[in-house]
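Listing of coords29.csv; format and content: CSV, C-alpha atoms.
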chain,number,residue,atom,x,y,z
A,30,MET,CA,151.6,35.1,118.1
A,31,LYS,CA,151.7,35.4,121.9
A,32,ARG,CA,155.4,34.6,121.8
A,33,PHE,CA,156.0,37.3,119.2
A,34,ILE,CA,154.1,39.9,121.3
A,35,ALA,CA,156.3,39.0,124.3
A,36,ALA,CA,159.4,39.5,122.2
A,37,GLU,CA,158.2,42.8,120.8
A,38,ARG,CA,157.2,44.0,124.3
A,39,ALA,CA,160.6,43.0,125.7
A,40,LEU,CA,162.4,45.1,123.0
A,41,ARG,CA,160.1,48.0,123.3
A,42,THR,CA,160.5,48.3,127.0
A,43,ALA,CA,164.2,47.5,127.3
A,44,ALA,CA,166.7,50.3,128.1
A,45,PRO,CA,168.5,51.5,124.9
A,46,HIS,CA,171.7,49.7,125.7
A,47,GLN,CA,170.0,46.5,126.8
A,48,LEU,CA,168.1,45.5,123.7
A,49,LEU,CA,170.2,42.4,123.1
A,50,ASP,CA,170.0,41.2,126.8
A,51,ALA,CA,166.3,41.6,126.7
A,52,LEU,CA,166.0,39.8,123.5
A,53,ARG,CA,168.2,36.9,124.7
A,54,GLY,CA,166.0,36.4,127.7
A,55,VAL,CA,162.7,36.4,125.8
A,56,LEU,CA,164.0,34.2,123.0
A,57,LYS,CA,165.4,31.6,125.4
A,58,GLU,CA,162.1,31.6,127.3
A,59,GLN,CA,159.6,31.7,124.4
A,60,TYR,CA,161.5,30.0,121.6
A,61,ALA,CA,164.0,27.7,123.4
A,62,ALA,CA,166.9,29.6,121.9
A,63,GLN,CA,170.2,28.3,123.1
A,64,ALA,CA,172.3,31.3,121.9
A,65,VAL,CA,171.4,34.7,120.5
A,66,GLU,CA,173.9,37.1,118.8
A,67,PHE,CA,173.5,40.4,117.0
A,68,PHE,CA,176.0,41.6,114.4
A,69,ILE,CA,176.0,45.1,112.8
A,70,ALA,CA,177.5,45.8,109.4
A,71,ASP,CA,180.6,48.1,109.6
A,72,TYR,CA,180.9,51.3,107.7
A,73,GLY,CA,182.8,49.7,104.9
A,74,LEU,CA,180.3,46.8,104.5
A,75,SER,CA,183.2,44.3,104.8
A,76,VAL,CA,182.5,42.7,108.2
A,77,LEU,CA,179.6,42.1,110.6
A,78,GLN,CA,180.6,43.5,114.0
A,79,PRO,CA,179.3,41.9,117.2
A,80,VAL,CA,177.3,44.2,119.4
A,81,CYS,CA,178.6,42.4,122.5
A,82,ALA,CA,181.5,40.2,123.4
A,83,PRO,CA,182.5,37.4,123.3
A,84,SER,CA,181.5,37.1,119.6
A,85,ARG,CA,184.0,37.9,116.9
A,86,PRO,CA,183.6,39.8,113.7
A,87,VAL,CA,182.2,37.8,110.8
A,88,SER,CA,183.0,38.5,107.1
A,89,VAL,CA,180.1,39.6,104.9
A,90,PHE,CA,181.7,37.4,102.2
A,91,ASN,CA,181.2,33.7,102.0
A,92,THR,CA,179.9,33.2,105.6
A,93,PRO,CA,176.4,32.0,106.6
A,94,ALA,CA,175.7,35.4,108.3
A,95,GLY,CA,177.1,37.2,105.4
A,96,ARG,CA,174.9,35.4,103.0
A,97,ALA,CA,171.8,36.3,105.1
A,98,PHE,CA,173.0,39.9,105.0
A,99,GLY,CA,173.6,40.0,101.3
A,100,SER,CA,170.4,38.2,100.2
A,101,GLN,CA,168.2,39.7,102.9
A,102,ARG,CA,166.8,36.2,103.5
A,103,CYS,CA,167.1,33.9,106.5
A,104,HIS,CA,170.0,31.4,106.1
A,105,GLY,CA,170.0,28.2,108.2
A,106,GLU,CA,173.3,26.7,109.4
A,107,HIS,CA,173.0,23.1,110.4
A,108,ARG,CA,175.4,22.1,113.2
A,109,PRO,CA,177.0,18.6,113.6
A,110,ASP,CA,175.3,18.3,117.0
A,111,GLY,CA,171.9,18.6,115.3
A,112,ARG,CA,171.3,22.2,116.3
A,113,VAL,CA,170.3,24.8,113.8
A,114,ARG,CA,171.6,28.4,113.7
A,115,LEU,CA,169.3,30.8,112.0
A,116,HIS,CA,170.9,33.9,110.5
A,117,LEU,CA,168.1,36.5,110.1
A,118,PRO,CA,168.6,39.9,108.3
A,119,VAL,CA,168.0,43.0,110.4
A,120,SER,CA,166.8,45.9,108.3
A,121,VAL,CA,164.4,48.8,108.3
A,122,ARG,CA,162.6,49.9,105.1
A,123,GLY,CA,165.4,48.4,103.1
A,124,ASP,CA,168.2,49.9,105.2
A,125,ARG,CA,170.4,46.9,106.0
A,126,ILE,CA,171.6,47.1,109.6
A,127,GLY,CA,173.0,43.7,110.4
A,128,VAL,CA,172.1,40.1,111.2
A,129,LEU,CA,170.5,38.4,114.2
A,130,SER,CA,171.8,34.8,114.8
A,131,VAL,CA,169.7,32.5,116.9
A,132,THR,CA,170.7,28.9,117.7
A,133,LEU,CA,167.7,26.5,118.1
A,134,PRO,CA,167.6,22.9,119.4
A,135,GLY,CA,166.9,21.3,116.0
A,136,PRO,CA,165.4,21.5,112.5
A,137,ASP,CA,161.8,21.2,113.7
A,138,HIS,CA,162.2,24.3,115.9
A,139,ALA,CA,163.9,26.1,113.0
A,140,ARG,CA,161.1,25.3,110.5
A,141,HIS,CA,158.4,26.2,112.9
A,142,ASP,CA,159.9,29.5,114.2
A,143,GLU,CA,161.8,30.9,111.2
A,144,ASP,CA,159.0,33.3,110.0
A,145,GLU,CA,158.2,34.6,113.4
A,146,LEU,CA,161.9,35.1,114.3
A,147,GLY,CA,162.2,37.0,111.1
A,148,GLU,CA,159.6,39.4,112.3
A,149,VAL,CA,161.4,39.7,115.6
A,150,ALA,CA,164.5,40.7,113.7
A,151,GLU,CA,162.5,43.5,112.0
A,152,VAL,CA,161.4,44.8,115.3
A,153,LEU,CA,165.0,44.7,116.6
A,154,GLY,CA,166.1,46.9,113.6
A,155,ARG,CA,163.5,49.5,114.4
A,156,GLU,CA,164.4,49.6,118.1
A,157,VAL,CA,168.1,49.9,117.3
A,158,LEU,CA,167.4,53.0,115.2
A,159,VAL,CA,165.4,54.5,118.1
A,160,ALA,CA,168.0,53.5,120.7
A,161,GLU,CA,170.8,55.2,118.8
A,162,ARG,CA,169.4,58.5,119.9
A,163,ASP,CA,170.3,57.7,123.5
A,164,THR,CA,173.3,55.4,123.4
A,165,ASP,CA,176.6,55.0,121.4
A,166,LEU,CA,176.6,51.2,121.8
A,167,TYR,CA,175.4,50.4,118.3
A,168,VAL,CA,177.3,53.2,116.6
A,169,ARG,CA,180.5,52.0,118.2
A,170,ALA,CA,179.8,48.5,117.0
A,171,ARG,CA,179.7,49.7,113.4
A,172,ARG,CA,183.4,50.6,113.3
A,173,LYS,CA,186.1,48.0,112.9
A,174,ASP,CA,188.7,50.8,112.8
A,175,ARG,CA,188.7,54.3,114.3
A,176,LEU,CA,187.0,56.9,112.3
A,177,THR,CA,188.7,60.2,111.7
A,178,LEU,CA,186.8,63.2,113.0
A,179,ALA,CA,186.0,64.3,109.4
A,180,ALA,CA,184.5,60.8,108.7
A,181,GLU,CA,182.5,60.9,111.9
A,182,MET,CA,180.9,64.2,110.8
A,183,GLN,CA,180.2,62.9,107.3
A,184,TRP,CA,178.5,59.7,108.4
A,185,GLN,CA,176.3,61.6,110.8
A,186,LEU,CA,175.0,63.6,107.8
A,187,LEU,CA,174.0,60.5,105.8
A,188,PRO,CA,170.3,59.4,105.8
A,189,GLY,CA,171.2,55.6,105.6
A,190,ARG,CA,172.8,53.3,103.1
A,191,SER,CA,169.6,51.9,101.5
A,192,PHE,CA,165.9,52.6,101.4
A,193,SER,CA,163.0,50.8,99.8
A,194,LEU,CA,159.4,51.7,98.9
A,195,PRO,CA,157.1,49.9,96.5
A,196,GLU,CA,158.0,52.4,93.7
A,197,TYR,CA,161.8,52.2,94.0
A,198,ASP,CA,164.9,50.8,95.7
A,199,LEU,CA,167.7,53.2,96.6
A,200,ALA,CA,171.2,52.4,97.9
A,201,ALA,CA,174.6,54.1,98.3
A,202,GLN,CA,178.1,53.5,99.6
A,203,LEU,CA,181.0,55.8,100.3
A,204,GLU,CA,184.7,54.8,100.4
A,205,PRO,CA,187.1,55.1,102.1
A,206,ALA,CA,184.7,54.5,105.0
A,207,TYR,CA,187.0,55.6,107.8
A,208,ALA,CA,188.7,58.7,106.4
A,209,ILE,CA,186.5,60.9,104.3
A,210,PHE,CA,187.4,63.6,101.7
A,211,GLY,CA,184.0,65.3,101.3
A,212,ASP,CA,181.6,63.4,99.0
A,213,ASN,CA,178.1,62.9,100.3
A,214,TYR,CA,174.6,61.9,99.4
A,215,ASP,CA,171.2,62.7,100.9
A,216,TRP,CA,167.6,61.8,100.1
A,217,SER,CA,164.1,62.5,101.4
A,218,ALA,CA,160.8,60.7,100.5
A,219,THR,CA,157.2,61.7,100.7
A,220,ALA,CA,154.1,60.0,99.3
A,221,ASP,CA,154.5,61.7,96.0
A,222,ARG,CA,158.1,62.8,95.7
A,223,LEU,CA,161.7,61.6,96.1
A,224,MET,CA,164.5,64.2,96.4
A,225,LEU,CA,168.0,63.0,96.0
A,226,TYR,CA,171.3,64.9,96.2
A,227,VAL,CA,174.7,63.5,95.1
A,228,THR,CA,177.6,65.8,96.1
A,229,ASN,CA,181.3,65.8,95.1
A,230,GLY,CA,183.3,67.5,97.8
A,231,MET,CA,186.3,69.7,97.6
A,232,GLY,CA,189.4,69.3,99.7
A,233,GLU,CA,190.1,66.7,102.3
A,234,GLY,CA,189.8,66.1,106.1
A,235,MET,CA,188.1,68.6,108.3
A,236,GLU,CA,187.9,71.4,105.8
A,237,ALA,CA,186.1,69.1,103.3
A,238,SER,CA,183.8,67.8,106.0
A,239,LEU,CA,182.9,71.4,107.2
A,240,LEU,CA,182.2,72.5,103.7
A,241,THR,CA,179.9,69.5,103.0
A,242,THR,CA,178.2,69.9,106.4
A,243,LEU,CA,177.3,73.5,105.6
A,244,ALA,CA,176.1,72.7,102.1
A,245,ILE,CA,174.0,69.7,103.0
A,246,ASN,CA,172.3,71.5,105.9
A,247,ALA,CA,171.7,74.5,103.7
A,248,LEU,CA,170.0,72.2,101.1
A,249,ARG,CA,167.9,70.5,103.8
A,250,ASN,CA,166.9,73.8,105.2
A,251,ALA,CA,165.7,75.0,101.8
A,252,ARG,CA,164.0,71.7,101.0
A,253,ARG,CA,162.1,71.7,104.3
A,254,ALA,CA,160.9,75.2,103.5
A,255,GLY,CA,159.1,73.7,100.5
A,256,VAL,CA,161.0,75.5,97.7
A,257,SER,CA,161.9,74.1,94.3
A,258,ILE,CA,165.2,72.4,93.7
A,259,ALA,CA,166.4,75.3,91.6
A,260,ASP,CA,165.7,77.6,94.6
A,261,GLN,CA,167.3,75.0,97.0
A,262,ALA,CA,170.5,75.2,94.9
A,263,ALA,CA,170.4,79.0,94.9
A,264,LEU,CA,169.9,79.2,98.7
A,265,ALA,CA,172.7,76.7,99.4
A,266,ASP,CA,174.9,78.5,97.0
A,267,GLN,CA,174.4,81.7,98.9
A,268,ALA,CA,175.1,80.0,102.2
A,269,VAL,CA,178.4,78.5,101.0
A,270,TYR,CA,179.5,81.7,99.2
A,271,GLY,CA,178.6,83.8,102.3
A,272,HIS,CA,180.9,81.7,104.4
A,273,TYR,CA,183.8,81.0,102.1
A,274,ARG,CA,183.6,84.0,99.7
A,275,GLY,CA,184.4,81.8,96.7
A,276,ARG,CA,187.5,80.1,98.2
A,277,CYS,CA,185.7,76.7,98.4
A,278,HIS,CA,182.8,75.3,96.4
A,279,LEU,CA,180.8,72.1,96.1
A,280,SER,CA,179.6,70.1,93.1
A,281,VAL,CA,176.1,68.6,93.4
A,282,LEU,CA,173.4,66.9,91.4
A,283,LEU,CA,169.9,67.6,92.7
A,284,PHE,CA,167.0,65.4,91.6
A,285,ASP,CA,163.2,65.8,92.3
A,286,PHE,CA,161.3,62.7,91.2
A,287,ASP,CA,157.5,62.7,90.8
A,288,VAL,CA,156.8,59.2,92.0
A,289,ALA,CA,153.4,58.9,90.2
A,290,THR,CA,154.6,59.9,86.7
A,291,GLY,CA,158.4,59.3,86.7
A,292,ARG,CA,159.0,62.9,85.7
A,293,VAL,CA,162.2,64.3,87.2
A,294,SER,CA,163.5,67.9,87.7
A,295,VAL,CA,167.3,68.1,87.8
A,296,VAL,CA,169.9,70.8,88.7
A,297,ASP,CA,173.4,69.9,87.6
A,298,ALA,CA,175.7,72.1,89.6
A,299,GLY,CA,179.0,70.2,89.2
A,300,SER,CA,180.7,67.0,88.4
A,301,PRO,CA,178.9,63.8,89.6
A,302,HIS,CA,178.1,61.5,86.8
A,303,LEU,CA,174.8,59.6,86.0
A,304,LEU,CA,174.5,56.5,83.9
A,305,ARG,CA,171.2,54.8,83.1
A,306,LEU,CA,170.6,51.1,82.4
A,307,ARG,CA,167.4,50.7,80.3
A,308,ARG,CA,166.4,47.5,78.6
A,309,GLY,CA,170.0,46.2,78.7
A,310,VAL,CA,171.6,49.3,77.4
A,311,VAL,CA,173.8,51.6,79.5
A,312,GLU,CA,174.2,55.2,78.5
A,313,ARG,CA,175.5,58.3,80.2
A,314,ILE,CA,172.9,61.0,80.9
A,315,THR,CA,174.1,64.5,80.7
A,316,PHE,CA,172.6,67.8,81.7
A,317,ASP,CA,173.4,71.5,81.1
A,318,ALA,CA,176.3,72.1,83.4
A,319,GLN,CA,175.8,74.9,85.9
A,320,LEU,CA,178.2,76.4,88.4
A,321,PRO,CA,179.1,74.5,91.6
A,322,LEU,CA,177.6,75.8,94.9
A,323,GLY,CA,179.5,78.7,96.4
A,324,MET,CA,181.8,79.6,93.5
A,325,PHE,CA,180.2,83.0,92.8
A,326,GLU,CA,177.8,85.3,94.6
A,327,GLU,CA,174.0,85.0,93.8
A,328,THR,CA,174.2,82.3,91.1
A,329,ASP,CA,170.9,81.5,89.4
A,330,TYR,CA,170.0,77.9,88.8
A,331,VAL,CA,167.6,76.4,86.3
A,332,ALA,CA,166.0,73.0,86.6
A,333,GLN,CA,165.9,70.6,83.6
A,334,GLU,CA,163.4,67.8,83.0
A,335,PHE,CA,163.8,64.1,82.1
A,336,GLU,CA,161.8,61.0,82.7
A,337,VAL,CA,162.4,57.6,84.3
A,338,GLU,CA,160.6,54.4,83.2
A,339,PRO,CA,159.7,51.3,85.2
A,340,GLY,CA,162.7,49.0,85.0
A,341,ASP,CA,165.3,51.8,84.8
A,342,ARG,CA,168.4,51.6,86.9
A,343,LEU,CA,170.2,54.9,87.6
A,344,VAL,CA,173.8,54.8,88.8
A,345,PHE,CA,175.4,58.0,90.2
A,346,VAL,CA,179.1,58.2,90.7
A,347,SER,CA,181.5,60.8,92.0
A,348,ASP,CA,184.8,61.7,90.4
A,349,GLY,CA,186.6,59.4,92.8
A,350,VAL,CA,185.0,56.5,90.8
A,351,HIS,CA,185.1,57.9,87.3
A,352,ALA,CA,188.6,59.4,87.4
A,353,VAL,CA,190.5,57.0,89.8
A,354,ALA,CA,193.8,55.8,88.3
A,355,SER,CA,195.4,52.4,88.3
A,356,PRO,CA,199.1,52.1,89.4
A,357,LEU,CA,200.0,52.6,85.7
A,358,GLY,CA,198.0,55.8,85.6
A,359,GLU,CA,195.0,54.4,83.6
A,360,PRO,CA,191.7,56.0,84.6
A,361,TYR,CA,188.8,53.8,85.5
A,362,GLY,CA,186.7,55.7,83.0
A,363,GLU,CA,183.3,55.3,81.5
A,364,ALA,CA,184.0,52.1,79.6
A,365,ALA,CA,184.8,50.3,82.9
A,366,LEU,CA,181.8,51.8,84.6
A,367,VAL,CA,179.5,50.6,81.8
A,368,ARG,CA,181.0,47.0,82.2
A,369,ALA,CA,180.5,47.2,85.9
A,370,ILE,CA,176.8,48.3,85.6
A,371,HIS,CA,176.2,45.5,83.1
A,372,SER,CA,177.9,42.9,85.3
A,373,THR,CA,175.7,43.9,88.3
A,374,ARG,CA,172.4,44.2,86.4
A,375,LEU,CA,171.0,41.1,88.1
A,376,LEU,CA,172.0,42.2,91.6
A,377,PRO,CA,169.5,44.1,93.9
A,378,ALA,CA,170.2,47.8,94.2
A,379,ALA,CA,171.5,47.4,97.7
A,380,GLU,CA,174.4,45.2,96.4
A,381,VAL,CA,175.4,47.4,93.5
A,382,PRO,CA,177.4,50.2,95.2
A,383,ARG,CA,179.5,47.7,97.2
A,384,THR,CA,180.2,45.5,94.2
A,385,VAL,CA,181.2,48.4,92.0
A,386,LEU,CA,183.5,49.8,94.8
A,387,ARG,CA,185.1,46.4,95.2
A,388,GLU,CA,186.0,46.3,91.5
A,389,LEU,CA,187.4,49.8,91.9
A,390,THR,CA,189.7,48.6,94.7
A,391,GLY,CA,191.0,46.0,92.3
A,392,HIS,CA,191.6,48.7,89.6
A,393,ARG,CA,193.7,50.6,92.2
A,394,ASP,CA,195.5,47.3,92.9
A,395,GLY,CA,195.1,47.9,96.6
A,396,ALA,CA,196.6,51.4,96.6
A,397,ASP,CA,195.2,53.9,99.1
A,398,PRO,CA,192.5,56.1,97.5
A,399,GLU,CA,193.3,59.7,96.9
A,400,ASP,CA,189.7,60.8,96.8
A,401,ASP,CA,186.3,59.7,97.9
A,402,ALA,CA,184.5,57.1,95.8
A,403,LEU,CA,180.7,57.4,96.0
A,404,VAL,CA,178.2,55.1,94.2
A,405,VAL,CA,174.4,55.6,94.4
A,406,CYS,CA,172.0,53.1,92.7
A,407,LEU,CA,168.3,53.7,92.1
A,408,ASP,CA,166.0,51.0,90.8
A,409,TRP,CA,162.8,52.6,89.5
A,410,ARG,CA,159.5,50.6,89.4
A,411,GLY,CA,157.1,53.5,89.5
A,412,ARG,CA,153.4,53.1,90.1
A,413,PRO,CA,151.0,51.1,88.0
A,414,ASN,CA,149.1,53.4,85.7
A,415,GLY,CA,150.7,56.4,87.5
A,416,HIS,CA,148.4,56.0,90.6
Rewritten as structure tokens:
Amino acid sequence: MKRFIAAERALRTAAPHQLLDALRGVLKEQYAAQAVEFFIADYGLSVLQPVCAPSRPVSVFNTPAGRAFGSQRCHGEHRPDGRVRLHLPVSVRGDRIGVLSVTLPGPDHARHDEDELGEVAEVLGREVLVAERDTDLYVRARRKDRLTLAAEMQWQLLPGRSFSLPEYDLAAQLEPAYAIFGDNYDWSATADRLMLYVTNGMGEGMEASLLTTLAINALRNARRAGVSIADQAALADQAVYGHYRGRCHLSVLLFDFDVATGRVSVVDAGSPHLLRLRRGVVERITFDAQLPLGMFEETDYVAQEFEVEPGDRLVFVSDGVHAVASPLGEPYGEAALVRAIHSTRLLPAAEVPRTVLRELTGHRDGADPEDDALVVCLDWRGRPNGH
């Protein structure tokens, strides 16, 4: 425990850009570590990018570090010289950040230190999120390619890529990662409620990003004022219309989950789709369609009600998933989406968006996407006896 406290203190007191240097020093001193590397998942969730040279990027597919990242469990890699390299997932409340790789002298060290080093990796994740307020080091490490300015703005809007509490797991992924057309998602959790927005943007590039930025911040402003989701939609609608006067609009699904009961209030102001997997059956859930945000002046919105049950999986997709065409012009469509949801039913929520988007890339046969593709997955457990 004293060793762990020393590692935690070293991370807590290090300068924001020197977390890895501080961690290397304390792990070598306290745990006899012979090498320490930190990899951060890129925006497209295809590679693990090294935070510092001379390490090279590592694929998230079929590599020891990638397996640790995907499973969110420690993966040991035994070297021919007898050393063991532990790959430890770095995450914060379910948001998967990357992998900490620690090379130890041998199997005995690995067995003895694995659990404690896993806790050190958790501390590293929390310190990275705090450090990102003051340094670009970790944000820069996330990109394997240059982001467009529009994509930079969009990624700064997002709350994270996954989030977990005892009552639910939530995950999302947006493609293409490095050039955005305007789709977005947002969530906010309290002890009793989860609010989730899934937006389908209009246009492309900077214009799409500016529109989405205005709408998301208007929704957040209304949410933080404590008003209902129907009023949140109305206030955001006024903000978008006030600026664009109907020239641009934004489709959005707004959800307000009561964590204790599973009751949900919904405003459907546009085109994102929702499919539910319940007891092995996938079905599309539809709501009364209302006008997108910003289309007309002073639109009134009405919330609908439905319920989620423990064991439900909800999958939200934008038009860039549902309507994307193959080279022969065949849309991906609902039948393919149902198959994808069935085929991923045993995967954790955090793996579902990436897996569905990989299948979508195959449907396009490698062609560049003409729209954003957004997938959000929510696994609902609820509270025992509603408490």
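Non-sequential neighbours of A:Ala318 (distance at most 10 Å, separation of 3 or more positions within a chain, all atoms listed in the file) are Leu282, Val296, Asp297, Ala298, Gly299, Ser300, Thr315 and Pro321 of chain A.
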Checklist line | Contact residues around stretch 227-243 of chain A with all atoms listed in the file at 10 Å, ignoring same-chain residues under 4 positions, as a VMD selection string | finding: chain A and resid 177 to 186 201 208 to 216 247 to 248 265 268 to 269 272 to 273 277 to 284 297 to 303 321 323 345 to 349 399 to 405
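Of the listed residues (A:Ser294, A:Ala262, A:Phe286, A:His371), A:His371 comes nearest to A:Val310; the distances count all atoms listed in the file.
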Next item on the list: Tell me, as a list of chain:residue names, which residues lie within 8 Å of stretch 143-150 of chain A, counting all atoms listed in the file; anything in the same chain fewer than 6 positions away does not count.
Entry: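 The residues satisfying every condition are A:Phe33, A:Ala36, A:Glu37, A:Cys103, A:Leu115, A:Leu117, A:Pro118, A:Val119, A:Ser120, A:Leu129.
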Output C-alpha atoms for every residue in the selection just made, as a compact mmCIF listing (two decimals), in the coordinates of the input.
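Saved as out_20.txt:
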# COMPACT_ATOMS: atom_id res chain seq x y z
CA PHE A 33 156.00 37.30 119.20
CA ALA A 36 159.40 39.50 122.20
CA GLU A 37 158.20 42.80 120.80
CA CYS A 103 167.10 33.90 106.50
CA LEU A 115 169.30 30.80 112.00
CA LEU A 117 168.10 36.50 110.10
CA PRO A 118 168.60 39.90 108.30
CA VAL A 119 168.00 43.00 110.40
CA SER A 120 166.80 45.90 108.30
CA LEU A 129 170.50 38.40 114.20
Next item on the list: Please work out which residues fall within 12 Å of (177.7, 34.6, 106.7), coordinates as given in the file, with all atoms listed in the file counting, and return them as a ChimeraX atom specification.
Entry: /A:68,70,75-78,86-106,114-118,127-130
Margin query: Report as a VMD selection string all protein, DNA and RNA residues lying within 10 Å of stretch 406-412 of chain A, evaluated on all atoms listed in the file, omitting residues in the same chain fewer than 5 positions from it.
Written below: chain A and resid 191 to 202 287 to 291 303 to 306 337 to 346 370 377 to 382
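With distances restricted to only C-alpha atoms, A:Leu40 is the closest residue to A:Ala160 from A:Leu264, A:Leu40, A:Leu176, A:Ala139.
Proximity ranking of A:Ala62, A:Leu389, A:Leu375, A:Ile126 relative to A:Leu153 places A:Ile126 first, based on only C-alpha atoms.
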Checklist line | Pick from A:Leu74, A:Asp163, A:Arg313, A:Leu320, whichever lies nearest to A:His351 using all atoms listed in the file | finding: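 Selected residue with least distance to A:His351: A:Arg313.
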Next item on the list: Return the single residue from A:Ala43, A:Ala170, A:Ala51, A:Val311 that is closest to A:Asp71, with distances computed using all atoms listed in the file.
Entry: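 Nearest candidate to A:Asp71 out of A:Ala43, A:Ala170, A:Ala51, A:Val311: A:Ala170.
Atom pair atom CA of A:Val385 / atom CA of A:Pro79: separated by 26.1 Å.
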Item checked: Shortest interatomic distance to A:Gln63 - which of A:Ala44, A:Ala220, A:Ala244, A:Val131, counting all atoms listed in the file -> A:Val131
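Straight-line separation from atom CA of A:Ser372 to atom CA of A:Phe335: 25.7 Å.
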Margin query: Which polymer residues, whether protein, DNA or RNA, lie within 7 Å of the coordinate (167.1, 19.5, 110.8) when you count all atoms listed in the file? List them as a list in words, using the chain letters and numbers from the file.
Written below: His107, Gly111, Val113, Gly135, Pro136 and Asp137 of chain A
Using 9 Å as the limit and counting all atoms listed in the file, can you tabulate each residue of stretch 173-289 of chain A that touches stretch 329-332 of chain A, with its shortest atom-to-atom distance in Å and the two atoms involved, as a Markdown table?
| residue | atom | partner | partner_atom | distance |
| --- | --- | --- | --- | --- |
| A:Ser257 | CA | A:Ala332 | CA | 8.8 |
| A:Ile258 | CA | A:Ala332 | CA | 7.2 |
| A:Ala259 | CA | A:Tyr330 | CA | 5.2 |
| A:Asp260 | CA | A:Tyr330 | CA | 7.2 |
| A:Ala262 | CA | A:Tyr330 | CA | 6.7 |
| A:Ala263 | CA | A:Asp329 | CA | 6.1 |
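Atom pair atom CA of A:Glu66 / atom CA of A:Thr132 has a distance of 8.9 Å (rounded to one decimal).
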Checklist line | Selection: 12 Å around A:Arg274, all atoms listed in the file, excl. self and same-chain fewer than 5 positions, as a PyMOL selection string | finding: chain A and resi 266-269+322-327
Complete the atoms of stretch 402-416 of chain A to N, CA and C atoms and put them out as an mmCIF file, keeping the file's coordinate frame.
data_model
loop_
_atom_site.group_PDB
_atom_site.id
_atom_site.type_symbol
_atom_site.label_atom_id
_atom_site.label_comp_id
_atom_site.auth_asym_id
_atom_site.auth_seq_id
_atom_site.Cartn_x
_atom_site.Cartn_y
_atom_site.Cartn_z
ATOM 1 N N ALA A 402 185.187 57.811 96.868
ATOM 2 C CA ALA A 402 184.500 57.100 95.800
ATOM 3 C C ALA A 402 183.058 56.880 96.275
ATOM 4 N N LEU A 403 182.102 57.476 95.593
ATOM 5 C CA LEU A 403 180.700 57.400 96.000
ATOM 6 C C LEU A 403 179.894 56.781 94.845
ATOM 7 N N VAL A 404 179.088 55.764 95.182
ATOM 8 C CA VAL A 404 178.200 55.100 94.200
ATOM 9 C C VAL A 404 176.790 55.119 94.806
ATOM 10 N N VAL A 405 175.823 55.604 94.039
ATOM 11 C CA VAL A 405 174.400 55.600 94.400
ATOM 12 C C VAL A 405 173.654 54.844 93.332
ATOM 13 N N CYS A 406 172.788 53.914 93.717
ATOM 14 C CA CYS A 406 172.000 53.100 92.700
ATOM 15 C C CYS A 406 170.522 53.293 93.040
ATOM 16 N N LEU A 407 169.750 53.605 92.006
ATOM 17 C CA LEU A 407 168.300 53.700 92.100
ATOM 18 C C LEU A 407 167.625 52.825 91.119
ATOM 19 N N ASP A 408 166.851 51.870 91.616
ATOM 20 C CA ASP A 408 166.000 51.000 90.800
ATOM 21 C C ASP A 408 164.597 51.542 90.785
ATOM 22 N N TRP A 409 164.087 51.900 89.625
ATOM 23 C CA TRP A 409 162.800 52.600 89.500
ATOM 24 C C TRP A 409 161.716 51.580 89.048
ATOM 25 N N ARG A 410 160.676 51.419 89.838
ATOM 26 C CA ARG A 410 159.500 50.600 89.400
ATOM 27 C C ARG A 410 158.321 51.477 89.079
ATOM 28 N N GLY A 411 158.193 52.616 89.738
ATOM 29 C CA GLY A 411 157.100 53.500 89.500
ATOM 30 C C GLY A 411 155.766 52.906 90.031
ATOM 31 N N ARG A 412 154.694 53.583 89.705
ATOM 32 C CA ARG A 412 153.400 53.100 90.100
ATOM 33 C C ARG A 412 152.576 52.624 88.943
ATOM 34 N N PRO A 413 151.842 51.540 89.123
ATOM 35 C CA PRO A 413 151.000 51.100 88.000
ATOM 36 C C PRO A 413 150.030 52.124 87.563
ATOM 37 N N ASN A 414 150.029 52.399 86.279
ATOM 38 C CA ASN A 414 149.100 53.400 85.700
ATOM 39 C C ASN A 414 149.255 54.757 86.294
ATOM 40 N N GLY A 415 150.420 55.032 86.921
ATOM 41 C CA GLY A 415 150.700 56.400 87.500
ATOM 42 C C GLY A 415 149.826 56.722 88.662
ATOM 43 N N HIS A 416 149.286 55.729 89.414
ATOM 44 C CA HIS A 416 148.400 56.000 90.600
ATOM 45 C C HIS A 416 149.129 55.730 91.859
#
